[in-house]
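Source file: model07.cif. Holds: mmCIF, C-alpha atoms.
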```
data_my_file
loop_
_atom_site.label_atom_id
_atom_site.label_comp_id
_atom_site.auth_asym_id
_atom_site.auth_seq_id
_atom_site.Cartn_x
_atom_site.Cartn_y
_atom_site.Cartn_z
CA ILE D 1 0.00 0.00 0.00
CA GLU D 2 2.81 2.42 0.85
CA ARG D 3 4.48 1.80 -2.52
CA ILE D 4 1.19 2.52 -4.33
CA LYS D 5 0.71 5.75 -2.38
CA PHE D 6 4.27 6.81 -3.10
CA ILE D 7 3.93 6.23 -6.87
CA ASP D 8 0.74 8.28 -6.95
CA ASN D 9 1.90 11.10 -4.69
CA ALA D 10 5.41 11.47 -6.09
CA TYR D 11 4.74 10.93 -9.78
CA LEU D 12 1.25 10.48 -11.18
CA SER D 13 -1.30 12.50 -9.20
CA HIS D 14 -2.93 15.48 -10.92
CA THR D 15 -4.27 16.80 -7.62
CA ILE D 16 -0.94 16.96 -5.77
CA SER D 17 0.95 20.03 -6.94
CA SER D 18 4.38 18.55 -6.20
CA SER D 19 3.91 15.34 -8.23
CA ALA D 20 6.07 14.91 -11.32
CA VAL D 21 3.08 15.15 -13.70
CA SER D 22 1.77 18.30 -12.01
CA VAL D 23 5.16 20.00 -12.08
CA LEU D 24 5.71 19.06 -15.73
CA ASN D 25 2.29 20.33 -16.82
CA ARG D 26 2.61 23.54 -14.80
CA ASP D 27 6.24 24.46 -15.51
CA GLY D 28 6.74 22.78 -18.87
CA LYS D 29 9.93 21.13 -17.68
CA LEU D 30 11.18 18.76 -15.01
CA THR D 31 14.39 17.20 -13.78
CA ALA D 32 13.16 13.67 -13.12
CA ASP D 33 14.57 10.64 -11.37
CA LYS D 34 15.26 7.41 -13.26
CA TRP D 35 11.93 5.79 -12.35
CA PHE D 36 9.79 8.54 -13.83
CA GLY D 37 12.03 8.97 -16.88
CA ASP D 38 11.86 5.26 -17.67
CA TYR D 39 8.12 5.14 -16.99
CA LEU D 40 7.39 8.11 -19.23
CA THR D 41 9.53 6.65 -22.02
CA LYS D 42 7.61 3.37 -21.81
CA SER D 43 4.29 5.23 -21.75
CA VAL D 44 5.17 7.20 -24.89
CA GLU D 45 6.23 4.00 -26.68
CA LEU D 46 2.91 2.37 -25.80
CA SER D 47 0.89 5.41 -26.84
CA ALA D 48 2.56 5.37 -30.25
CA LYS D 49 1.00 1.95 -30.92
CA SER D 50 -2.48 3.46 -31.17
CA ASP D 51 -3.80 6.29 -33.32
CA SER D 52 -6.92 6.79 -31.18
CA PHE D 53 -5.17 6.75 -27.79
CA THR D 54 -3.06 9.62 -26.51
CA LEU D 55 -1.22 10.52 -23.33
CA PHE D 56 -1.71 14.16 -24.20
CA SER D 57 -5.45 14.43 -23.58
CA GLY D 58 -5.23 17.08 -20.86
CA ASP D 59 -6.66 19.81 -23.10
CA MET D 60 -9.56 17.57 -24.14
CA LYS D 61 -10.34 16.72 -20.51
CA ASP D 62 -10.38 20.39 -19.58
CA LEU D 63 -12.61 21.16 -22.54
CA TRP D 64 -15.25 18.49 -22.00
CA GLN D 65 -15.30 18.55 -18.16
CA ILE D 66 -16.53 14.95 -18.01
CA GLU D 67 -16.16 14.64 -14.23
CA ASN D 68 -17.56 18.09 -13.46
CA GLY D 69 -21.05 17.92 -14.91
CA GLY D 70 -19.99 17.96 -18.55
CA ASN D 71 -19.57 20.59 -21.24
CA ILE D 72 -20.32 20.37 -24.98
CA PRO D 73 -17.63 22.48 -26.67
CA THR D 74 -18.05 24.22 -29.98
CA ASP D 75 -16.64 22.71 -33.17
CA ASP D 76 -13.99 25.43 -33.19
CA GLU D 77 -12.92 24.54 -29.66
CA VAL D 78 -12.65 20.85 -30.57
CA ALA D 79 -10.65 21.74 -33.69
CA LYS D 80 -8.31 23.85 -31.57
CA SER D 81 -7.70 20.99 -29.12
CA LEU D 82 -6.91 18.68 -32.04
CA GLU D 83 -4.52 21.25 -33.48
CA ASN D 84 -2.77 21.48 -30.10
CA LEU D 85 -2.51 17.69 -30.07
CA LYS D 86 -0.75 17.75 -33.43
CA ILE D 87 1.86 20.29 -32.32
CA PHE D 88 2.31 18.94 -28.80
CA SER D 89 5.95 18.10 -28.14
CA LEU D 90 7.59 16.03 -25.44
CA LEU D 91 11.36 15.88 -24.95
CA ILE D 92 13.00 13.23 -22.78
CA ASP D 93 16.74 13.76 -22.53
CA SER D 94 18.19 11.54 -19.82
CA ASN D 95 16.63 12.98 -16.64
CA TYR D 96 15.49 16.25 -18.24
CA ILE D 97 11.90 16.30 -19.53
CA SER D 98 10.04 19.16 -21.21
CA ILE D 99 6.65 19.63 -22.89
CA ASN D 100 5.11 22.30 -25.11
CA ASN D 101 1.58 23.11 -26.32
CA GLY D 102 -0.47 20.85 -24.08
CA SER D 103 -0.63 18.80 -20.93
CA LEU D 104 0.16 15.21 -20.07
CA ASP D 105 -2.38 12.78 -18.63
CA LEU D 106 -1.09 9.42 -17.41
CA GLY D 107 -4.39 8.34 -15.87
CA ALA D 108 -4.96 5.56 -18.41
CA LEU D 109 -1.79 3.78 -17.31
CA GLY D 110 -1.40 4.76 -13.67
CA LYS D 111 -3.51 2.14 -11.92
CA GLY D 112 -1.99 -0.74 -13.82
CA THR D 113 1.47 0.65 -13.15
CA ALA D 114 0.73 0.88 -9.42
CA CYS D 115 -0.41 -2.75 -9.44
CA GLY D 116 2.78 -3.78 -11.20
CA GLU D 117 4.96 -1.92 -8.70
CA ALA D 118 3.11 -3.50 -5.77
CA ILE D 119 3.42 -7.01 -7.19
CA ASP D 120 7.14 -6.50 -7.86
CA TYR D 121 7.62 -5.39 -4.26
CA LEU D 122 5.73 -8.41 -2.91
CA LYS D 123 7.87 -10.74 -5.01
CA GLU D 124 11.00 -9.09 -3.58
CA GLN D 125 9.63 -9.90 -0.12
CA ASP D 126 9.20 -13.56 -1.16
CA VAL D 127 5.42 -13.36 -0.91
CA GLU D 128 4.05 -16.39 -2.74
CA LYS D 129 0.36 -15.50 -3.01
CA ALA D 130 -1.21 -12.05 -3.27
CA LEU D 131 -3.83 -9.99 -5.03
CA VAL D 132 -3.58 -6.22 -5.46
CA THR D 133 -6.43 -4.01 -6.68
CA VAL D 134 -6.07 -0.37 -7.74
CA GLY D 135 -9.17 1.07 -9.37
CA GLY D 136 -9.98 -0.96 -12.48
CA SER D 137 -6.67 -2.87 -12.43
CA ILE D 138 -5.80 -6.08 -10.58
CA GLY D 139 -2.45 -7.81 -10.19
CA MET D 140 -1.97 -11.29 -8.75
CA ILE D 141 0.67 -13.89 -7.98
CA GLY D 142 0.29 -17.38 -6.62
CA PRO D 143 0.15 -21.08 -7.40
CA GLU D 144 -3.66 -21.19 -7.23
CA LEU D 145 -6.22 -19.56 -9.49
CA PHE D 146 -8.06 -16.43 -8.37
CA ASN D 147 -11.72 -15.80 -9.13
CA ILE D 148 -11.89 -12.33 -10.70
CA GLY D 149 -15.32 -10.82 -11.27
CA VAL D 150 -16.04 -9.17 -14.61
CA ARG D 151 -18.51 -6.40 -13.93
CA ASN D 152 -21.86 -6.24 -15.68
CA PRO D 153 -21.71 -2.76 -17.25
CA PHE D 154 -25.51 -2.63 -17.31
CA GLY D 155 -25.83 -3.41 -13.60
CA GLY D 156 -24.66 -2.02 -10.29
CA GLN D 157 -21.14 -1.82 -8.89
CA ASN D 158 -21.35 -5.30 -7.37
CA ASP D 159 -23.08 -7.01 -10.30
CA TYR D 160 -20.87 -9.43 -12.23
CA LEU D 161 -21.70 -11.06 -15.53
CA ALA D 162 -18.72 -13.44 -15.47
CA ILE D 163 -15.98 -14.95 -13.34
CA LEU D 164 -12.43 -15.11 -14.70
CA ASN D 165 -10.13 -17.84 -13.30
CA VAL D 166 -6.51 -16.71 -13.64
CA THR D 167 -3.27 -16.11 -11.73
CA ASN D 168 0.21 -14.62 -12.23
CA CYS D 169 -1.09 -11.86 -14.48
CA PHE D 170 -2.74 -8.44 -14.55
CA VAL D 171 -6.37 -7.69 -15.39
CA SER D 172 -7.52 -4.17 -16.32
CA THR D 173 -10.96 -2.95 -17.31
CA SER D 174 -12.07 0.28 -19.00
CA GLY D 175 -15.68 1.25 -19.64
CA ASP D 176 -17.99 4.17 -20.28
CA TYR D 177 -20.39 3.44 -17.41
CA GLU D 178 -18.71 5.23 -14.49
CA LYS D 179 -17.25 8.56 -15.59
CA PHE D 180 -19.64 10.18 -18.06
CA PHE D 181 -22.39 12.70 -18.61
CA GLU D 182 -25.40 12.58 -20.90
CA ARG D 183 -26.94 15.22 -23.15
CA ASP D 184 -29.88 14.71 -25.51
CA GLY D 185 -29.68 10.95 -25.06
CA ILE D 186 -25.97 10.72 -25.92
CA ARG D 187 -23.42 9.46 -23.40
CA TYR D 188 -20.06 11.24 -23.29
CA SER D 189 -17.45 9.23 -21.36
CA HIS D 190 -13.97 10.01 -20.04
CA ILE D 191 -12.30 7.95 -22.79
CA PHE D 192 -11.27 10.19 -25.68
CA ASP D 193 -10.59 9.49 -29.34
CA ALA D 194 -7.43 11.33 -30.33
CA THR D 195 -8.51 11.34 -33.98
CA THR D 196 -11.72 13.30 -33.31
CA GLY D 197 -10.96 15.26 -30.13
CA LYS D 198 -14.20 13.92 -28.66
CA PRO D 199 -15.26 11.17 -26.24
CA VAL D 200 -15.30 7.79 -27.97
CA GLN D 201 -18.55 6.88 -29.72
CA ASN D 202 -18.68 3.23 -30.80
CA ASP D 203 -20.51 0.00 -29.95
CA ILE D 204 -18.24 -0.98 -27.03
CA ILE D 205 -19.28 -0.49 -23.42
CA SER D 206 -16.44 -2.32 -21.65
CA VAL D 207 -13.01 -3.82 -22.35
CA THR D 208 -11.12 -6.16 -20.02
CA VAL D 209 -7.52 -7.12 -20.78
CA VAL D 210 -5.44 -9.97 -19.34
CA THR D 211 -1.67 -9.80 -19.78
CA ASP D 212 1.61 -10.14 -17.91
CA ASP D 213 2.41 -6.42 -17.49
CA GLY D 214 0.37 -4.04 -15.34
CA THR D 215 1.09 -0.90 -17.34
CA VAL D 216 0.37 -2.66 -20.63
CA SER D 217 -2.91 -4.10 -19.35
CA ASP D 218 -4.13 -0.64 -18.32
CA PHE D 219 -2.99 0.94 -21.59
CA LEU D 220 -4.63 -1.75 -23.71
CA SER D 221 -8.00 -1.65 -21.96
CA THR D 222 -8.30 2.05 -22.80
CA ALA D 223 -6.65 1.92 -26.23
CA ILE D 224 -8.77 -1.01 -27.42
CA PHE D 225 -11.89 0.83 -26.28
CA ALA D 226 -10.81 3.88 -28.26
CA GLU D 227 -9.70 1.95 -31.34
CA GLY D 228 -12.88 -0.07 -31.69
CA ILE D 229 -13.30 -3.81 -32.15
CA GLU D 230 -11.37 -4.59 -35.34
CA ASN D 231 -8.30 -2.45 -34.67
CA GLY D 232 -8.52 -3.16 -30.96
CA ILE D 233 -8.25 -6.91 -31.46
CA LYS D 234 -5.23 -6.38 -33.72
CA LEU D 235 -3.64 -4.26 -30.99
CA ALA D 236 -4.26 -6.95 -28.37
CA ASP D 237 -2.66 -9.56 -30.65
CA GLU D 238 0.41 -7.35 -31.02
CA PHE D 239 0.96 -7.63 -27.25
CA ASP D 240 -0.15 -11.29 -26.95
CA ALA D 241 -2.91 -10.06 -24.65
CA GLU D 242 -6.28 -11.70 -24.07
CA VAL D 243 -9.45 -9.62 -24.09
CA ILE D 244 -13.10 -9.55 -23.10
CA ILE D 245 -15.03 -6.97 -25.13
CA ILE D 246 -18.61 -6.24 -24.07
CA LYS D 247 -20.78 -4.48 -26.61
CA LYS D 248 -23.79 -2.24 -26.09
CA ASP D 249 -26.05 -4.92 -27.61
CA LYS D 250 -25.02 -7.30 -24.76
CA SER D 251 -22.84 -9.46 -26.97
CA VAL D 252 -19.43 -10.47 -25.61
CA LEU D 253 -16.25 -11.20 -27.57
CA ILE D 254 -13.53 -13.20 -25.81
CA SER D 255 -10.04 -14.29 -26.82
CA LYS D 256 -9.65 -17.99 -27.50
CA GLY D 257 -7.15 -18.22 -24.65
CA LEU D 258 -9.89 -17.28 -22.17
CA GLU D 259 -12.49 -19.72 -23.46
CA ASN D 260 -11.92 -22.20 -20.62
CA LYS D 261 -11.08 -19.55 -18.00
CA LEU D 262 -14.32 -17.57 -18.12
CA THR D 263 -17.70 -18.52 -16.65
CA ILE D 264 -20.67 -16.40 -17.77
CA ASN D 265 -23.30 -15.95 -15.06
CA ASP D 266 -25.89 -13.99 -17.05
CA ASP D 267 -27.70 -15.71 -19.92
CA THR D 268 -28.95 -12.41 -21.34
CA PHE D 269 -25.48 -11.96 -22.85
CA SER D 270 -24.35 -13.80 -25.99
CA VAL D 271 -20.72 -14.93 -26.18
CA SER D 272 -18.47 -15.40 -29.21
CA VAL D 273 -14.84 -16.50 -29.32
CA ILE D 274 -12.43 -14.36 -31.34
CA GLU D 275 -10.75 -16.60 -33.90
#
```

Re-express the file's structure as structure tokens.
Amino acid sequence: IERIKFIDNAYLSHTISSSAVSVLNRDGKLTADKWFGDYLTKSVELSAKSDSFTLFSGDMKDLWQIENGGNIPTDDEVAKSLENLKIFSLLIDSNYISINNGSLDLGALGKGTACGEAIDYLKEQDVEKALVTVGGSIGMIGPELFNIGVRNPFGGQNDYLAILNVTNCFVSTSGDYEKFFERDGIRYSHIFDATTGKPVQNDIISVTVVTDDGTVSDFLSTAIFAEGIENGIKLADEFDAEVIIIKKDKSVLISKGLENKLTINDDTFSVSVIE
């Protein structure tokens, strides 16, 4: 727990003015330690794998105000945020980091990263069995399988449509059912499409990713959501990750590797295996 708190407070928190992300966004430059430099480099490399995902969504978040009641910006304002995204620059030179024309948002990777750090620490302490949960990300080690609930995105917080039986991996979920606002019957979620400058609008309501890296699992759950089903599945394959994609029509797509690890508890959902 202390390691998770330290990672958030020292590096990733947007609400703590002294965190590395806050200092970088406020001052435009930062002399970072090795951990943050390496983490940011990895994050940028991951982000480059997806056209629809971006680490530089700070301007879009400020514009749409998803978590503060919501705001529908004008077309000109959206166009301006997209233009800023195109000219945004990030320099990482050893321990010196600088940014221009925008702000960095590492929220889509932070929880998975925290899980990974916690699991690494537990392994160093020779802990043989453990489960760590940070937001929508879970990390686990142990000789026995864990039962991981897959939330029903149409139900309440404690409603699960499936149970996943896995261990020695990370599981991350992204969806549009927690952080959003609605206007004129349209839901606007906190997951943005970097190609449109707007919250993602597609037929996905939830993505769960299973892989062996906490940061990657968190990245993929958001990136696959943003990319959509066809490109999202290709992205998962690139990382040898397994996925559970829940669509708004209550159909579920699962990777073949999860076929015998997933038990569906709700017969109102239809399930297909991704070939």

I'd like the residues picked by the PyMOL selection byres ((chain D and resi 24-38) around 9) written out as a ChimeraX atom specification, using the chain letters and numbers from the file.
/D:11,17,19-23,39-43,92-100,102-104

From the list D:Asn165, D:Ser174, D:Gln125, D:Thr15, the nearest residue to Phe192 of chain D using only C-alpha atoms is D:Ser174

(request) One decimal, Å: what's the distance from atom CA of Ile191 of chain D over to atom CA of Asp176 of chain D, could you say? (result)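 If I compute the distance from atom CA of Ile191 of chain D to atom CA of Asp176 of chain D, I get 7.3 Å.
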
May I have the residues within 12 Å of Lys80 of chain D as a ChimeraX atom specification, using all atoms listed in the file and disregarding those fewer than 2 positions away in the same chain? /D:59-60,63,73-78,82-87,101-102,196-198

- [ ] Using all atoms listed in the file, find the one residue out of D:Leu109, D:Leu131, D:Ala162, D:Ala194 that sits nearest to Lys61 of chain D.
- [x]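 Of the candidates, the smallest distance to Lys61 of chain D is held by D:Ala194.
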
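Between atom CA of Gly149 of chain D and atom CA of Ile244 of chain D the separation is 12.1 Å.
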
task: Please evaluate the PyMOL selection byres ((chain D and resi 252-267) around 6) against the displayed coordinates and give the resulting residues as a ChimeraX atom specification.
output: /D:161-165,242-246,251,268-274

Next on the checklist: Counting only C-alpha atoms, which residue out of D:Gly175, D:Gly156, D:Gly185, D:Gly116 sits closest to Met140 of chain D?
Outcome noted: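 Residue with the minimum atom-to-atom distance to Met140 of chain D: D:Gly116.
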
- Message: List the spatial neighbours of Leu220 of chain D as a list in words - criterion: any atom at most 9 Å away, only C-alpha atoms, same-chain residues fewer than 5 positions off excluded.
- Response: Leu46, Leu109, Ser172, Val207, Thr208, Val209, Thr215, Phe225, Gly232, Leu235, Ala236, Phe239 and Ala241 of chain D

Practice prompt. Record the distance separating atom CA of Lys179 of chain D and atom CA of Glu238 of chain D, expressed in Å with one decimal.
Written response: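 Separation of atom CA of Lys179 of chain D and atom CA of Glu238 of chain D: 28.3 Å.
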
- [ ] Considering all atoms listed in the file, state which residue in the set D:Ala10, D:Ala108, D:Ile141, D:Val200 is at the smallest distance from Lys123 of chain D.
- [x]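 The answer is D:Ile141, which sits nearest to Lys123 of chain D.
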
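Here, the PyMOL selection byres ((chain D and resi 122) around 12) matches Ile1, Glu2, Arg3, Ile4, Cys115, Gly116, Glu117, Ala118, Ile119, Asp120, Tyr121, Lys123, Glu124, Gln125, Asp126, Val127, Glu128, Lys129, Ala130, Leu131, Val132, Gly139, Met140, Ile141 and Gly142 of chain D.
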
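Minimum atom-to-atom distances from D:Thr211, D:Asn9, D:Ser81, D:Thr54 to Gly112 of chain D were compared using all atoms listed in the file, and the lowest value belongs to D:Thr211.
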
Place all heavy atoms on segment 192-203 of chain D and deliver the coordinates as an mmCIF file, in the coordinates of the input.
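Below you can see result04.cif, which holds the result:
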```cif
data_model
loop_
_atom_site.group_PDB
_atom_site.id
_atom_site.type_symbol
_atom_site.label_atom_id
_atom_site.label_comp_id
_atom_site.auth_asym_id
_atom_site.auth_seq_id
_atom_site.Cartn_x
_atom_site.Cartn_y
_atom_site.Cartn_z
ATOM 1 N N PHE D 192 -11.279 9.329 -24.494
ATOM 2 C CA PHE D 192 -11.270 10.190 -25.680
ATOM 3 C C PHE D 192 -10.682 9.489 -26.901
ATOM 4 O O PHE D 192 -9.830 8.605 -26.780
ATOM 5 C CB PHE D 192 -10.479 11.469 -25.397
ATOM 6 C CG PHE D 192 -11.170 12.414 -24.463
ATOM 7 C CD1 PHE D 192 -10.903 12.389 -23.102
ATOM 8 C CD2 PHE D 192 -12.115 13.317 -24.935
ATOM 9 C CE1 PHE D 192 -11.547 13.241 -22.235
ATOM 10 C CE2 PHE D 192 -12.767 14.180 -24.081
ATOM 11 C CZ PHE D 192 -12.485 14.150 -22.725
ATOM 12 N N ASP D 193 -11.136 9.939 -28.062
ATOM 13 C CA ASP D 193 -10.590 9.490 -29.340
ATOM 14 C C ASP D 193 -9.679 10.605 -29.858
ATOM 15 O O ASP D 193 -10.144 11.703 -30.174
ATOM 16 C CB ASP D 193 -11.728 9.226 -30.326
ATOM 17 C CG ASP D 193 -11.244 8.685 -31.663
ATOM 18 O OD1 ASP D 193 -10.038 8.807 -31.965
ATOM 19 O OD2 ASP D 193 -12.068 8.141 -32.414
ATOM 20 N N ALA D 194 -8.403 10.308 -29.925
ATOM 21 C CA ALA D 194 -7.430 11.330 -30.330
ATOM 22 C C ALA D 194 -7.569 11.731 -31.784
ATOM 23 O O ALA D 194 -7.010 12.753 -32.203
ATOM 24 C CB ALA D 194 -6.010 10.817 -30.073
ATOM 25 N N THR D 195 -8.317 10.974 -32.578
ATOM 26 C CA THR D 195 -8.510 11.340 -33.980
ATOM 27 C C THR D 195 -9.674 12.308 -34.180
ATOM 28 O O THR D 195 -9.772 12.943 -35.230
ATOM 29 C CB THR D 195 -8.755 10.084 -34.858
ATOM 30 O OG1 THR D 195 -10.004 9.473 -34.489
ATOM 31 C CG2 THR D 195 -7.630 9.081 -34.677
ATOM 32 N N THR D 196 -10.566 12.412 -33.191
ATOM 33 C CA THR D 196 -11.720 13.300 -33.310
ATOM 34 C C THR D 196 -11.722 14.430 -32.293
ATOM 35 O O THR D 196 -12.423 15.427 -32.472
ATOM 36 C CB THR D 196 -13.035 12.514 -33.140
ATOM 37 O OG1 THR D 196 -13.124 12.026 -31.786
ATOM 38 C CG2 THR D 196 -13.110 11.354 -34.117
ATOM 39 N N GLY D 197 -10.954 14.262 -31.201
ATOM 40 C CA GLY D 197 -10.960 15.260 -30.130
ATOM 41 C C GLY D 197 -12.205 15.177 -29.273
ATOM 42 O O GLY D 197 -12.490 16.091 -28.491
ATOM 43 N N LYS D 198 -12.939 14.081 -29.382
ATOM 44 C CA LYS D 198 -14.200 13.920 -28.660
ATOM 45 C C LYS D 198 -14.204 12.596 -27.885
ATOM 46 O O LYS D 198 -13.406 11.701 -28.174
ATOM 47 C CB LYS D 198 -15.371 13.918 -29.658
ATOM 48 C CG LYS D 198 -15.488 15.172 -30.492
ATOM 49 C CD LYS D 198 -16.622 15.051 -31.500
ATOM 50 C CE LYS D 198 -16.745 16.312 -32.355
ATOM 51 N NZ LYS D 198 -17.852 16.209 -33.333
ATOM 52 N N PRO D 199 -15.094 12.466 -26.900
ATOM 53 C CA PRO D 199 -15.260 11.170 -26.240
ATOM 54 C C PRO D 199 -15.603 10.091 -27.271
ATOM 55 O O PRO D 199 -16.314 10.353 -28.247
ATOM 56 C CB PRO D 199 -16.422 11.403 -25.270
ATOM 57 C CG PRO D 199 -16.345 12.860 -24.952
ATOM 58 C CD PRO D 199 -15.919 13.513 -26.247
ATOM 59 N N VAL D 200 -15.100 8.900 -27.041
ATOM 60 C CA VAL D 200 -15.300 7.790 -27.970
ATOM 61 C C VAL D 200 -16.790 7.502 -28.149
ATOM 62 O O VAL D 200 -17.546 7.438 -27.179
ATOM 63 C CB VAL D 200 -14.585 6.525 -27.459
ATOM 64 C CG1 VAL D 200 -14.941 5.324 -28.333
ATOM 65 C CG2 VAL D 200 -13.082 6.733 -27.431
ATOM 66 N N GLN D 201 -17.196 7.320 -29.400
ATOM 67 C CA GLN D 201 -18.550 6.880 -29.720
ATOM 68 C C GLN D 201 -18.444 5.637 -30.603
ATOM 69 O O GLN D 201 -18.135 5.730 -31.784
ATOM 70 C CB GLN D 201 -19.325 7.988 -30.452
ATOM 71 C CG GLN D 201 -19.546 9.255 -29.656
ATOM 72 C CD GLN D 201 -20.531 9.061 -28.510
ATOM 73 O OE1 GLN D 201 -21.372 8.178 -28.526
ATOM 74 N NE2 GLN D 201 -20.401 9.901 -27.485
ATOM 75 N N ASN D 202 -18.656 4.468 -30.015
ATOM 76 C CA ASN D 202 -18.680 3.230 -30.800
ATOM 77 C C ASN D 202 -19.611 2.233 -30.103
ATOM 78 O O ASN D 202 -20.364 2.613 -29.207
ATOM 79 C CB ASN D 202 -17.257 2.661 -31.003
ATOM 80 C CG ASN D 202 -16.530 2.356 -29.704
ATOM 81 O OD1 ASN D 202 -17.154 2.077 -28.678
ATOM 82 N ND2 ASN D 202 -15.202 2.405 -29.741
ATOM 83 N N ASP D 203 -19.558 0.972 -30.493
ATOM 84 C CA ASP D 203 -20.510 0.000 -29.950
ATOM 85 C C ASP D 203 -19.962 -0.775 -28.762
ATOM 86 O O ASP D 203 -20.564 -1.754 -28.320
ATOM 87 C CB ASP D 203 -20.970 -0.966 -31.046
ATOM 88 C CG ASP D 203 -19.803 -1.643 -31.762
ATOM 89 O OD1 ASP D 203 -18.642 -1.305 -31.467
ATOM 90 O OD2 ASP D 203 -20.064 -2.497 -32.630
#
```
